[in-house]
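Chemist: Below is the file start29.cif, with mmCIF, N, CA and C atoms and all ligand atoms.
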data_model
loop_
_atom_site.group_PDB
_atom_site.id
_atom_site.type_symbol
_atom_site.label_atom_id
_atom_site.label_comp_id
_atom_site.auth_asym_id
_atom_site.auth_seq_id
_atom_site.Cartn_x
_atom_site.Cartn_y
_atom_site.Cartn_z
ATOM 1 N N MET A 1 19.408 -55.148 59.343
ATOM 2 C CA MET A 1 18.481 -55.844 60.255
ATOM 3 C C MET A 1 18.309 -57.310 59.836
ATOM 4 N N LYS A 2 18.255 -57.540 58.513
ATOM 5 C CA LYS A 2 18.063 -58.911 58.012
ATOM 6 C C LYS A 2 19.224 -59.815 58.437
ATOM 7 N N GLU A 3 20.462 -59.296 58.326
ATOM 8 C CA GLU A 3 21.640 -60.077 58.715
ATOM 9 C C GLU A 3 21.626 -60.354 60.219
ATOM 10 N N LEU A 4 21.245 -59.339 60.987
ATOM 11 C CA LEU A 4 21.167 -59.491 62.450
ATOM 12 C C LEU A 4 20.142 -60.559 62.820
ATOM 13 N N LEU A 5 18.947 -60.493 62.210
ATOM 14 C CA LEU A 5 17.912 -61.487 62.511
ATOM 15 C C LEU A 5 18.351 -62.884 62.088
ATOM 16 N N GLY A 6 19.071 -62.976 60.979
ATOM 17 C CA GLY A 6 19.603 -64.266 60.532
ATOM 18 C C GLY A 6 20.592 -64.830 61.536
ATOM 19 N N PHE A 7 21.463 -63.955 62.054
ATOM 20 C CA PHE A 7 22.445 -64.382 63.061
ATOM 21 C C PHE A 7 21.740 -64.862 64.330
ATOM 22 N N ILE A 8 20.703 -64.125 64.754
ATOM 23 C CA ILE A 8 19.957 -64.505 65.965
ATOM 24 C C ILE A 8 19.291 -65.878 65.748
ATOM 25 N N ASN A 9 18.742 -66.085 64.562
ATOM 26 C CA ASN A 9 18.142 -67.394 64.251
ATOM 27 C C ASN A 9 19.180 -68.515 64.331
ATOM 28 N N GLU A 10 20.376 -68.253 63.822
ATOM 29 C CA GLU A 10 21.452 -69.260 63.886
ATOM 30 C C GLU A 10 21.816 -69.584 65.333
ATOM 31 N N GLU A 11 21.907 -68.542 66.150
ATOM 32 C CA GLU A 11 22.239 -68.753 67.567
ATOM 33 C C GLU A 11 21.142 -69.554 68.267
ATOM 34 N N LYS A 12 19.883 -69.270 67.918
ATOM 35 C CA LYS A 12 18.751 -70.015 68.503
ATOM 36 C C LYS A 12 18.830 -71.486 68.116
ATOM 37 N N ILE A 13 19.164 -71.760 66.864
ATOM 38 C CA ILE A 13 19.295 -73.146 66.404
ATOM 39 C C ILE A 13 20.388 -73.866 67.197
ATOM 40 N N LYS A 14 21.519 -73.172 67.421
ATOM 41 C CA LYS A 14 22.609 -73.778 68.207
ATOM 42 C C LYS A 14 22.135 -74.087 69.635
ATOM 43 N N LEU A 15 21.355 -73.165 70.205
ATOM 44 C CA LEU A 15 20.838 -73.401 71.564
ATOM 45 C C LEU A 15 19.850 -74.564 71.579
ATOM 46 N N ASP A 16 19.030 -74.654 70.514
ATOM 47 C CA ASP A 16 18.056 -75.749 70.426
ATOM 48 C C ASP A 16 18.742 -77.113 70.350
ATOM 49 N N GLU A 17 19.964 -77.124 69.823
ATOM 50 C CA GLU A 17 20.712 -78.377 69.700
ATOM 51 C C GLU A 17 21.244 -78.862 71.048
ATOM 52 N N LYS A 18 21.259 -77.967 72.026
ATOM 53 C CA LYS A 18 21.716 -78.360 73.362
ATOM 54 C C LYS A 18 20.575 -79.090 74.063
ATOM 55 N N VAL A 19 20.707 -80.374 74.173
ATOM 56 C CA VAL A 19 19.619 -81.171 74.757
ATOM 57 C C VAL A 19 19.870 -81.473 76.233
ATOM 58 N N ASP A 20 21.058 -81.093 76.717
ATOM 59 C CA ASP A 20 21.407 -81.419 78.101
ATOM 60 C C ASP A 20 20.884 -80.410 79.118
ATOM 61 N N ILE A 21 20.287 -79.309 78.642
ATOM 62 C CA ILE A 21 19.684 -78.361 79.581
ATOM 63 C C ILE A 21 18.243 -78.065 79.164
ATOM 64 N N SER A 22 17.424 -77.724 80.148
ATOM 65 C CA SER A 22 16.001 -77.492 79.886
ATOM 66 C C SER A 22 15.798 -76.135 79.198
ATOM 67 N N GLU A 23 14.601 -75.939 78.677
ATOM 68 C CA GLU A 23 14.266 -74.654 78.040
ATOM 69 C C GLU A 23 14.358 -73.518 79.054
ATOM 70 N N LYS A 24 13.885 -73.768 80.271
ATOM 71 C CA LYS A 24 13.966 -72.731 81.313
ATOM 72 C C LYS A 24 15.414 -72.368 81.600
ATOM 73 N N GLU A 25 16.281 -73.386 81.660
ATOM 74 C CA GLU A 25 17.707 -73.122 81.920
ATOM 75 C C GLU A 25 18.337 -72.340 80.774
ATOM 76 N N LYS A 26 17.946 -72.660 79.551
ATOM 77 C CA LYS A 26 18.481 -71.910 78.398
ATOM 78 C C LYS A 26 18.106 -70.441 78.510
ATOM 79 N N ILE A 27 16.844 -70.194 78.829
ATOM 80 C CA ILE A 27 16.380 -68.801 78.926
ATOM 81 C C ILE A 27 17.094 -68.086 80.065
ATOM 82 N N LEU A 28 17.138 -68.715 81.232
ATOM 83 C CA LEU A 28 17.763 -68.054 82.384
ATOM 84 C C LEU A 28 19.259 -67.828 82.178
ATOM 85 N N THR A 29 19.924 -68.770 81.511
ATOM 86 C CA THR A 29 21.341 -68.592 81.205
ATOM 87 C C THR A 29 21.543 -67.385 80.291
ATOM 88 N N GLN A 30 20.675 -67.270 79.304
ATOM 89 C CA GLN A 30 20.791 -66.140 78.366
ATOM 90 C C GLN A 30 20.394 -64.821 79.021
ATOM 91 N N VAL A 31 19.444 -64.864 79.952
ATOM 92 C CA VAL A 31 19.095 -63.640 80.688
ATOM 93 C C VAL A 31 20.303 -63.184 81.516
ATOM 94 N N ALA A 32 20.991 -64.146 82.134
ATOM 95 C CA ALA A 32 22.211 -63.807 82.886
ATOM 96 C C ALA A 32 23.250 -63.204 81.945
ATOM 97 N N LYS A 33 23.290 -63.703 80.716
ATOM 98 C CA LYS A 33 24.242 -63.182 79.720
ATOM 99 C C LYS A 33 23.950 -61.710 79.404
ATOM 100 N N ILE A 34 22.656 -61.346 79.360
ATOM 101 C CA ILE A 34 22.318 -59.926 79.137
ATOM 102 C C ILE A 34 22.941 -59.085 80.251
ATOM 103 N N SER A 35 22.794 -59.557 81.484
ATOM 104 C CA SER A 35 23.318 -58.823 82.638
ATOM 105 C C SER A 35 24.843 -58.693 82.541
ATOM 106 N N GLU A 36 25.498 -59.774 82.157
ATOM 107 C CA GLU A 36 26.957 -59.759 81.987
ATOM 108 C C GLU A 36 27.362 -58.732 80.931
ATOM 109 N N GLU A 37 26.674 -58.769 79.802
ATOM 110 C CA GLU A 37 27.016 -57.852 78.708
ATOM 111 C C GLU A 37 26.684 -56.403 79.064
ATOM 112 N N LEU A 38 25.582 -56.204 79.799
ATOM 113 C CA LEU A 38 25.231 -54.842 80.229
ATOM 114 C C LEU A 38 26.314 -54.292 81.159
ATOM 115 N N GLY A 39 26.814 -55.143 82.048
ATOM 116 C CA GLY A 39 27.905 -54.729 82.939
ATOM 117 C C GLY A 39 29.143 -54.327 82.156
ATOM 118 N N GLU A 40 29.464 -55.097 81.110
ATOM 119 C CA GLU A 40 30.627 -54.770 80.271
ATOM 120 C C GLU A 40 30.404 -53.444 79.536
ATOM 121 N N PHE A 41 29.181 -53.243 79.062
ATOM 122 C CA PHE A 41 28.852 -51.985 78.359
ATOM 123 C C PHE A 41 28.967 -50.798 79.318
ATOM 124 N N ILE A 42 28.418 -50.954 80.522
ATOM 125 C CA ILE A 42 28.492 -49.873 81.515
ATOM 126 C C ILE A 42 29.951 -49.573 81.862
ATOM 127 N N ASN A 43 30.750 -50.628 81.997
ATOM 128 C CA ASN A 43 32.179 -50.433 82.268
ATOM 129 C C ASN A 43 32.840 -49.592 81.173
ATOM 130 N N GLU A 44 32.506 -49.873 79.932
ATOM 131 C CA GLU A 44 33.076 -49.101 78.815
ATOM 132 C C GLU A 44 32.569 -47.661 78.819
ATOM 133 N N ILE A 45 31.300 -47.456 79.207
ATOM 134 C CA ILE A 45 30.777 -46.087 79.313
ATOM 135 C C ILE A 45 31.568 -45.323 80.372
ATOM 136 N N LEU A 46 31.796 -45.967 81.529
ATOM 137 C CA LEU A 46 32.563 -45.305 82.602
ATOM 138 C C LEU A 46 33.975 -44.974 82.139
ATOM 139 N N LEU A 47 34.602 -45.904 81.404
ATOM 140 C CA LEU A 47 35.952 -45.641 80.884
ATOM 141 C C LEU A 47 35.936 -44.457 79.921
ATOM 142 N N ASN A 48 34.942 -44.445 79.031
ATOM 143 C CA ASN A 48 34.863 -43.366 78.039
ATOM 144 C C ASN A 48 34.567 -42.011 78.679
ATOM 145 N N LEU A 49 33.898 -42.017 79.821
ATOM 146 C CA LEU A 49 33.590 -40.761 80.523
ATOM 147 C C LEU A 49 34.662 -40.423 81.561
ATOM 148 N N SER A 50 35.750 -41.227 81.558
ATOM 149 C CA SER A 50 36.849 -41.048 82.530
ATOM 150 C C SER A 50 36.345 -41.109 83.966
ATOM 151 N N LEU A 51 35.392 -41.991 84.213
ATOM 152 C CA LEU A 51 34.832 -42.133 85.553
ATOM 153 C C LEU A 51 35.279 -43.426 86.241
ATOM 154 N N ALA A 52 36.167 -44.173 85.585
ATOM 155 C CA ALA A 52 36.674 -45.406 86.187
ATOM 156 C C ALA A 52 37.956 -45.094 86.973
ATOM 157 N N ARG A 53 38.411 -46.094 87.750
ATOM 158 C CA ARG A 53 39.669 -45.921 88.489
ATOM 159 C C ARG A 53 40.816 -45.666 87.518
ATOM 160 N N ASP A 54 41.849 -44.952 88.007
ATOM 161 C CA ASP A 54 42.976 -44.576 87.146
ATOM 162 C C ASP A 54 43.594 -45.778 86.427
ATOM 163 N N GLU A 55 43.787 -46.888 87.169
ATOM 164 C CA GLU A 55 44.415 -48.055 86.540
ATOM 165 C C GLU A 55 43.518 -48.660 85.463
ATOM 166 N N LYS A 56 42.219 -48.518 85.635
ATOM 167 C CA LYS A 56 41.270 -49.007 84.621
ATOM 168 C C LYS A 56 41.296 -48.125 83.379
ATOM 169 N N LEU A 57 41.536 -46.836 83.585
ATOM 170 C CA LEU A 57 41.518 -45.902 82.448
ATOM 171 C C LEU A 57 42.596 -46.240 81.416
ATOM 172 N N GLN A 58 43.624 -46.959 81.849
ATOM 173 C CA GLN A 58 44.685 -47.374 80.914
ATOM 174 C C GLN A 58 44.139 -48.374 79.890
ATOM 175 N N GLU A 59 43.029 -49.022 80.235
ATOM 176 C CA GLU A 59 42.468 -50.058 79.356
ATOM 177 C C GLU A 59 41.565 -49.486 78.266
ATOM 178 N N LEU A 60 41.383 -48.153 78.277
ATOM 179 C CA LEU A 60 40.444 -47.540 77.330
ATOM 180 C C LEU A 60 40.819 -47.838 75.878
ATOM 181 N N ASP A 61 39.884 -48.455 75.195
ATOM 182 C CA ASP A 61 40.000 -48.698 73.753
ATOM 183 C C ASP A 61 38.648 -48.277 73.179
ATOM 184 N N LYS A 62 38.647 -47.215 72.411
ATOM 185 C CA LYS A 62 37.387 -46.615 71.931
ATOM 186 C C LYS A 62 36.508 -47.604 71.162
ATOM 187 N N LYS A 63 37.094 -48.661 70.612
ATOM 188 C CA LYS A 63 36.306 -49.646 69.851
ATOM 189 C C LYS A 63 35.447 -50.515 70.773
ATOM 190 N N ASN A 64 35.903 -50.689 72.005
ATOM 191 C CA ASN A 64 35.220 -51.625 72.902
ATOM 192 C C ASN A 64 33.778 -51.236 73.194
ATOM 193 N N ILE A 65 33.508 -49.943 73.297
ATOM 194 C CA ILE A 65 32.138 -49.528 73.638
ATOM 195 C C ILE A 65 31.165 -49.956 72.531
ATOM 196 N N ASN A 66 31.605 -49.906 71.283
ATOM 197 C CA ASN A 66 30.762 -50.363 70.165
ATOM 198 C C ASN A 66 30.477 -51.860 70.293
ATOM 199 N N ASN A 67 31.538 -52.623 70.592
ATOM 200 C CA ASN A 67 31.384 -54.076 70.704
ATOM 201 C C ASN A 67 30.455 -54.442 71.857
ATOM 202 N N GLU A 68 30.618 -53.765 72.980
ATOM 203 C CA GLU A 68 29.789 -54.100 74.147
ATOM 204 C C GLU A 68 28.336 -53.674 73.949
ATOM 205 N N PHE A 69 28.133 -52.554 73.275
ATOM 206 C CA PHE A 69 26.760 -52.158 72.925
ATOM 207 C C PHE A 69 26.112 -53.254 72.074
ATOM 208 N N ALA A 70 26.841 -53.708 71.073
ATOM 209 C CA ALA A 70 26.313 -54.758 70.189
ATOM 210 C C ALA A 70 26.027 -56.042 70.970
ATOM 211 N N ASP A 71 26.893 -56.368 71.921
ATOM 212 C CA ASP A 71 26.678 -57.577 72.732
ATOM 213 C C ASP A 71 25.376 -57.494 73.536
ATOM 214 N N VAL A 72 25.062 -56.296 74.050
ATOM 215 C CA VAL A 72 23.808 -56.117 74.810
ATOM 216 C C VAL A 72 22.608 -56.367 73.892
ATOM 217 N N ILE A 73 22.662 -55.794 72.696
ATOM 218 C CA ILE A 73 21.554 -55.964 71.748
ATOM 219 C C ILE A 73 21.411 -57.434 71.344
ATOM 220 N N ILE A 74 22.526 -58.058 70.994
ATOM 221 C CA ILE A 74 22.486 -59.453 70.537
ATOM 222 C C ILE A 74 22.001 -60.381 71.648
ATOM 223 N N SER A 75 22.519 -60.222 72.854
ATOM 224 C CA SER A 75 22.095 -61.112 73.941
ATOM 225 C C SER A 75 20.609 -60.905 74.262
ATOM 226 N N SER A 76 20.137 -59.665 74.171
ATOM 227 C CA SER A 76 18.711 -59.387 74.405
ATOM 228 C C SER A 76 17.848 -60.032 73.322
ATOM 229 N N MET A 77 18.320 -59.967 72.089
ATOM 230 C CA MET A 77 17.552 -60.538 70.982
ATOM 231 C C MET A 77 17.509 -62.058 71.054
ATOM 232 N N ILE A 78 18.581 -62.662 71.556
ATOM 233 C CA ILE A 78 18.579 -64.128 71.708
ATOM 234 C C ILE A 78 17.528 -64.540 72.739
ATOM 235 N N VAL A 79 17.426 -63.786 73.822
ATOM 236 C CA VAL A 79 16.380 -64.087 74.822
ATOM 237 C C VAL A 79 15.001 -63.912 74.194
ATOM 238 N N ALA A 80 14.823 -62.842 73.434
ATOM 239 C CA ALA A 80 13.531 -62.615 72.776
ATOM 240 C C ALA A 80 13.175 -63.809 71.888
ATOM 241 N N LYS A 81 14.167 -64.294 71.152
ATOM 242 C CA LYS A 81 13.944 -65.431 70.247
ATOM 243 C C LYS A 81 13.551 -66.680 71.043
ATOM 244 N N LEU A 82 14.246 -66.905 72.163
ATOM 245 C CA LEU A 82 13.926 -68.067 73.011
ATOM 246 C C LEU A 82 12.505 -67.975 73.556
ATOM 247 N N LEU A 83 12.016 -66.736 73.723
ATOM 248 C CA LEU A 83 10.658 -66.526 74.239
ATOM 249 C C LEU A 83 9.634 -66.439 73.100
ATOM 250 N N ASN A 84 10.088 -66.770 71.883
ATOM 251 C CA ASN A 84 9.229 -66.752 70.689
ATOM 252 C C ASN A 84 8.630 -65.376 70.402
ATOM 253 N N ILE A 85 9.380 -64.351 70.739
ATOM 254 C CA ILE A 85 8.954 -62.987 70.414
ATOM 255 C C ILE A 85 9.333 -62.715 68.959
ATOM 256 N N ASP A 86 8.393 -62.186 68.200
ATOM 257 C CA ASP A 86 8.687 -61.763 66.823
ATOM 258 C C ASP A 86 9.387 -60.405 66.931
ATOM 259 N N ILE A 87 10.710 -60.437 66.866
ATOM 260 C CA ILE A 87 11.522 -59.250 67.159
ATOM 261 C C ILE A 87 11.162 -58.079 66.249
ATOM 262 N N GLU A 88 11.059 -58.359 64.962
ATOM 263 C CA GLU A 88 10.813 -57.288 64.001
ATOM 264 C C GLU A 88 9.465 -56.611 64.269
ATOM 265 N N SER A 89 8.422 -57.415 64.442
ATOM 266 C CA SER A 89 7.105 -56.797 64.650
ATOM 267 C C SER A 89 7.017 -56.157 66.032
ATOM 268 N N ALA A 90 7.707 -56.725 67.036
ATOM 269 C CA ALA A 90 7.716 -56.110 68.369
ATOM 270 C C ALA A 90 8.335 -54.719 68.299
ATOM 271 N N LEU A 91 9.454 -54.613 67.581
ATOM 272 C CA LEU A 91 10.120 -53.306 67.453
ATOM 273 C C LEU A 91 9.257 -52.335 66.648
ATOM 274 N N GLU A 92 8.698 -52.825 65.547
ATOM 275 C CA GLU A 92 7.854 -51.948 64.713
ATOM 276 C C GLU A 92 6.667 -51.420 65.505
ATOM 277 N N ASN A 93 6.008 -52.325 66.234
ATOM 278 C CA ASN A 93 4.836 -51.918 67.017
ATOM 279 C C ASN A 93 5.209 -50.920 68.107
ATOM 280 N N ARG A 94 6.336 -51.180 68.761
ATOM 281 C CA ARG A 94 6.747 -50.303 69.862
ATOM 282 C C ARG A 94 7.136 -48.919 69.340
ATOM 283 N N ILE A 95 7.870 -48.899 68.235
ATOM 284 C CA ILE A 95 8.279 -47.613 67.642
ATOM 285 C C ILE A 95 7.045 -46.803 67.246
ATOM 286 N N LYS A 96 6.042 -47.500 66.692
ATOM 287 C CA LYS A 96 4.807 -46.817 66.301
ATOM 288 C C LYS A 96 4.158 -46.160 67.527
ATOM 289 N N ILE A 97 4.078 -46.918 68.622
ATOM 290 C CA ILE A 97 3.474 -46.389 69.853
ATOM 291 C C ILE A 97 4.293 -45.215 70.393
ATOM 292 N N LEU A 98 5.621 -45.381 70.383
ATOM 293 C CA LEU A 98 6.489 -44.316 70.903
ATOM 294 C C LEU A 98 6.371 -43.047 70.064
ATOM 295 N N LYS A 99 6.268 -43.210 68.750
ATOM 296 C CA LYS A 99 6.096 -42.036 67.888
ATOM 297 C C LYS A 99 4.786 -41.338 68.190
ATOM 298 N N GLU A 100 3.731 -42.134 68.438
ATOM 299 C CA GLU A 100 2.428 -41.551 68.773
ATOM 300 C C GLU A 100 2.487 -40.765 70.085
ATOM 301 N N ARG A 101 3.393 -41.212 70.983
ATOM 302 C CA ARG A 101 3.565 -40.529 72.263
ATOM 303 C C ARG A 101 4.494 -39.315 72.153
ATOM 304 N N GLY A 102 5.055 -39.107 70.992
ATOM 305 C CA GLY A 102 5.988 -38.000 70.824
ATOM 306 C C GLY A 102 7.418 -38.406 71.148
ATOM 307 N N ASN A 103 7.764 -39.666 70.888
ATOM 308 C CA ASN A 103 9.122 -40.188 71.072
ATOM 309 C C ASN A 103 9.610 -40.147 72.518
ATOM 310 N N ARG A 104 8.695 -40.092 73.476
ATOM 311 C CA ARG A 104 9.121 -40.113 74.880
ATOM 312 C C ARG A 104 9.126 -41.563 75.352
ATOM 313 N N TRP A 105 10.170 -42.303 75.003
ATOM 314 C CA TRP A 105 10.243 -43.736 75.258
ATOM 315 C C TRP A 105 10.264 -44.072 76.741
ATOM 316 N N TYR A 106 10.678 -43.142 77.567
ATOM 317 C CA TYR A 106 10.871 -43.435 78.984
ATOM 318 C C TYR A 106 9.610 -43.251 79.815
ATOM 319 N N GLN A 107 8.480 -42.879 79.184
ATOM 320 C CA GLN A 107 7.256 -42.667 79.960
ATOM 321 C C GLN A 107 6.313 -43.838 79.822
HETATM 322 MG MG MG B 1 30.865 -58.392 75.733
#
Let me see whether you can do it: turn the structure in this file into structure tokens.
Ligand SMILES: [Mg+2]

Modeler:
Amino acid sequence: MKELLGFINEEKIKLDEKVDISEKEKILTQVAKISEELGEFINEILLNLSLARDEKLQELDKKNINNEFADVIISSMIVAKLLNIDIESALENRIKILKERGNRWYQ
């Protein structure tokens, strides 16, 4: 987790160095990136479940789903950082609440 948070901080610093776009544009661009990465992750899930078109199934590489999952997490964390969310405490607090609910995260 420490290495991941360090990487997210580095990415935030790189974004802060971009002075040619506004803060709102940085956030919205990164939010769009989450959507892009989620689409790639879903595509890999469909490939792994053999639910994609036959010609797409030829592209199946079992490593890709791991990479795309990581991309979703990283892009989401970059947005959180841009919004000044304390990622570690947000996750800790949420996990505590979810455990109190009996781990039913979807309710
Ligand atoms: Mg990706």

Chemist: Which one is closest to ligand MG 1 (chain B): A:Ile27, A:Ile78, A:Ala70, A:Ile21? Count all atoms listed in the file.

Modeler: A:Ala70

Chemist: Report the closest atom pair, with its distance in Å rounded to one decimal, for each residue of chain A that has an atom no farther than 8 Å from ligand MG 1 (chain B); count all atoms listed in the file, sort by chain and then rising residue number, and write it as JSON lines.

Modeler:
{"residue": "A:Glu36", "atom": "C", "partner": "B:MG1", "partner_atom": "MG", "distance": 6.3}
{"residue": "A:Glu37", "atom": "CA", "partner": "B:MG1", "partner_atom": "MG", "distance": 4.9}
{"residue": "A:Leu38", "atom": "N", "partner": "B:MG1", "partner_atom": "MG", "distance": 7.0}
{"residue": "A:Gly39", "atom": "C", "partner": "B:MG1", "partner_atom": "MG", "distance": 7.8}
{"residue": "A:Glu40", "atom": "CA", "partner": "B:MG1", "partner_atom": "MG", "distance": 5.8}
{"residue": "A:Phe41", "atom": "N", "partner": "B:MG1", "partner_atom": "MG", "distance": 6.4}
{"residue": "A:Asn67", "atom": "C", "partner": "B:MG1", "partner_atom": "MG", "distance": 5.5}
{"residue": "A:Glu68", "atom": "CA", "partner": "B:MG1", "partner_atom": "MG", "distance": 4.7}
{"residue": "A:Phe69", "atom": "N", "partner": "B:MG1", "partner_atom": "MG", "distance": 6.9}
{"residue": "A:Ala70", "atom": "C", "partner": "B:MG1", "partner_atom": "MG", "distance": 7.2}
{"residue": "A:Asp71", "atom": "CA", "partner": "B:MG1", "partner_atom": "MG", "distance": 5.2}
{"residue": "A:Val72", "atom": "N", "partner": "B:MG1", "partner_atom": "MG", "distance": 6.4}

Chemist: DSSP on the backbone, then: every residue of chain A marked helix (DSSP H, G or I), written as number ranges by chain.

Modeler: A: 2-16, 23-48, 54-57, 62-82, 87-100

Chemist: Using all atoms listed in the file, which protein or nucleic acid residues come within 8 Å of stretch 60-62 of chain A? Drop anything in the same chain fewer than 3 positions from it, and give the result as a PDB file with N, CA and C atoms, in the frame of the given file.

Modeler:
ATOM      1  N   GLU A  44      32.506 -49.873  79.932  1.00  0.00           N
ATOM      2  CA  GLU A  44      33.076 -49.101  78.815  1.00  0.00           C
ATOM      3  C   GLU A  44      32.569 -47.661  78.819  1.00  0.00           C
ATOM      4  N   LEU A  47      34.602 -45.904  81.404  1.00  0.00           N
ATOM      5  CA  LEU A  47      35.952 -45.641  80.884  1.00  0.00           C
ATOM      6  C   LEU A  47      35.936 -44.457  79.921  1.00  0.00           C
ATOM      7  N   ASN A  48      34.942 -44.445  79.031  1.00  0.00           N
ATOM      8  CA  ASN A  48      34.863 -43.366  78.039  1.00  0.00           C
ATOM      9  C   ASN A  48      34.567 -42.011  78.679  1.00  0.00           C
ATOM     10  N   GLU A  55      43.787 -46.888  87.169  1.00  0.00           N
ATOM     11  CA  GLU A  55      44.415 -48.055  86.540  1.00  0.00           C
ATOM     12  C   GLU A  55      43.518 -48.660  85.463  1.00  0.00           C
ATOM     13  N   LYS A  56      42.219 -48.518  85.635  1.00  0.00           N
ATOM     14  CA  LYS A  56      41.270 -49.007  84.621  1.00  0.00           C
ATOM     15  C   LYS A  56      41.296 -48.125  83.379  1.00  0.00           C
ATOM     16  N   LEU A  57      41.536 -46.836  83.585  1.00  0.00           N
ATOM     17  CA  LEU A  57      41.518 -45.902  82.448  1.00  0.00           C
ATOM     18  C   LEU A  57      42.596 -46.240  81.416  1.00  0.00           C
ATOM     19  N   ILE A  65      33.508 -49.943  73.297  1.00  0.00           N
ATOM     20  CA  ILE A  65      32.138 -49.528  73.638  1.00  0.00           C
ATOM     21  C   ILE A  65      31.165 -49.956  72.531  1.00  0.00           C
ATOM     22  N   ASN A  66      31.605 -49.906  71.283  1.00  0.00           N
ATOM     23  CA  ASN A  66      30.762 -50.363  70.165  1.00  0.00           C
ATOM     24  C   ASN A  66      30.477 -51.860  70.293  1.00  0.00           C
ATOM     25  N   ASN A  67      31.538 -52.623  70.592  1.00  0.00           N
ATOM     26  CA  ASN A  67      31.384 -54.076  70.704  1.00  0.00           C
ATOM     27  C   ASN A  67      30.455 -54.442  71.857  1.00  0.00           C
TER      28      ASN A  67
END

Chemist: Would you work out the distance separating atom CA of A:Ile97 from atom CA of A:Ile42, expressed in Å to one decimal?

Modeler: 27.8 Å

Chemist: Quick one: distance from atom N of A:Lys63 to atom CA of A:Thr29 in Å, one decimal?

Modeler: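 Going from atom N of A:Lys63 over to atom CA of A:Thr29 covers 27.5 Å.
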
Chemist: Save stretch 46-64 of chain A to disk from that block, N, CA and C atoms included, as a PDB file, in the first residue's frame.

Modeler:
ATOM      1  N   LEU A  46     -14.829 -10.101 -20.137  1.00  0.00           N
ATOM      2  CA  LEU A  46     -15.603 -10.796 -21.184  1.00  0.00           C
ATOM      3  C   LEU A  46     -14.741 -11.816 -21.914  1.00  0.00           C
ATOM      4  N   LEU A  47     -13.486 -11.445 -22.207  1.00  0.00           N
ATOM      5  CA  LEU A  47     -12.577 -12.390 -22.873  1.00  0.00           C
ATOM      6  C   LEU A  47     -12.333 -13.613 -21.993  1.00  0.00           C
ATOM      7  N   ASN A  48     -12.092 -13.362 -20.704  1.00  0.00           N
ATOM      8  CA  ASN A  48     -11.808 -14.472 -19.786  1.00  0.00           C
ATOM      9  C   ASN A  48     -13.020 -15.380 -19.583  1.00  0.00           C
ATOM     10  N   LEU A  49     -14.215 -14.834 -19.737  1.00  0.00           N
ATOM     11  CA  LEU A  49     -15.439 -15.638 -19.588  1.00  0.00           C
ATOM     12  C   LEU A  49     -15.909 -16.197 -20.932  1.00  0.00           C
ATOM     13  N   SER A  50     -15.072 -15.989 -21.974  1.00  0.00           N
ATOM     14  CA  SER A  50     -15.412 -16.435 -23.342  1.00  0.00           C
ATOM     15  C   SER A  50     -16.740 -15.853 -23.810  1.00  0.00           C
ATOM     16  N   LEU A  51     -16.990 -14.607 -23.449  1.00  0.00           N
ATOM     17  CA  LEU A  51     -18.234 -13.951 -23.838  1.00  0.00           C
ATOM     18  C   LEU A  51     -18.021 -12.885 -24.917  1.00  0.00           C
ATOM     19  N   ALA A  52     -16.788 -12.774 -25.409  1.00  0.00           N
ATOM     20  CA  ALA A  52     -16.506 -11.806 -26.469  1.00  0.00           C
ATOM     21  C   ALA A  52     -16.673 -12.488 -27.834  1.00  0.00           C
ATOM     22  N   ARG A  53     -16.651 -11.663 -28.896  1.00  0.00           N
ATOM     23  CA  ARG A  53     -16.733 -12.224 -30.251  1.00  0.00           C
ATOM     24  C   ARG A  53     -15.560 -13.166 -30.500  1.00  0.00           C
ATOM     25  N   ASP A  54     -15.779 -14.148 -31.396  1.00  0.00           N
ATOM     26  CA  ASP A  54     -14.753 -15.162 -31.664  1.00  0.00           C
ATOM     27  C   ASP A  54     -13.398 -14.548 -32.028  1.00  0.00           C
ATOM     28  N   GLU A  55     -13.421 -13.516 -32.897  1.00  0.00           N
ATOM     29  CA  GLU A  55     -12.148 -12.918 -33.313  1.00  0.00           C
ATOM     30  C   GLU A  55     -11.453 -12.215 -32.148  1.00  0.00           C
ATOM     31  N   LYS A  56     -12.238 -11.717 -31.213  1.00  0.00           N
ATOM     32  CA  LYS A  56     -11.666 -11.078 -30.016  1.00  0.00           C
ATOM     33  C   LYS A  56     -11.055 -12.116 -29.083  1.00  0.00           C
ATOM     34  N   LEU A  57     -11.655 -13.300 -29.055  1.00  0.00           N
ATOM     35  CA  LEU A  57     -11.169 -14.341 -28.137  1.00  0.00           C
ATOM     36  C   LEU A  57      -9.728 -14.750 -28.449  1.00  0.00           C
ATOM     37  N   GLN A  58      -9.296 -14.498 -29.678  1.00  0.00           N
ATOM     38  CA  GLN A  58      -7.906 -14.812 -30.055  1.00  0.00           C
ATOM     39  C   GLN A  58      -6.927 -13.913 -29.294  1.00  0.00           C
ATOM     40  N   GLU A  59      -7.425 -12.778 -28.808  1.00  0.00           N
ATOM     41  CA  GLU A  59      -6.550 -11.811 -28.130  1.00  0.00           C
ATOM     42  C   GLU A  59      -6.349 -12.130 -26.650  1.00  0.00           C
ATOM     43  N   LEU A  60      -7.005 -13.203 -26.174  1.00  0.00           N
ATOM     44  CA  LEU A  60      -6.949 -13.510 -24.740  1.00  0.00           C
ATOM     45  C   LEU A  60      -5.516 -13.725 -24.256  1.00  0.00           C
ATOM     46  N   ASP A  61      -5.142 -12.913 -23.297  1.00  0.00           N
ATOM     47  CA  ASP A  61      -3.856 -13.056 -22.605  1.00  0.00           C
ATOM     48  C   ASP A  61      -4.198 -12.933 -21.120  1.00  0.00           C
ATOM     49  N   LYS A  62      -4.048 -14.016 -20.398  1.00  0.00           N
ATOM     50  CA  LYS A  62      -4.498 -14.071 -18.993  1.00  0.00           C
ATOM     51  C   LYS A  62      -3.874 -12.977 -18.122  1.00  0.00           C
ATOM     52  N   LYS A  63      -2.728 -12.440 -18.524  1.00  0.00           N
ATOM     53  CA  LYS A  63      -2.070 -11.390 -17.726  1.00  0.00           C
ATOM     54  C   LYS A  63      -2.814 -10.055 -17.828  1.00  0.00           C
ATOM     55  N   ASN A  64      -3.499  -9.851 -18.944  1.00  0.00           N
ATOM     56  CA  ASN A  64      -4.113  -8.543 -19.185  1.00  0.00           C
ATOM     57  C   ASN A  64      -5.161  -8.170 -18.146  1.00  0.00           C
TER      58      ASN A  64
END
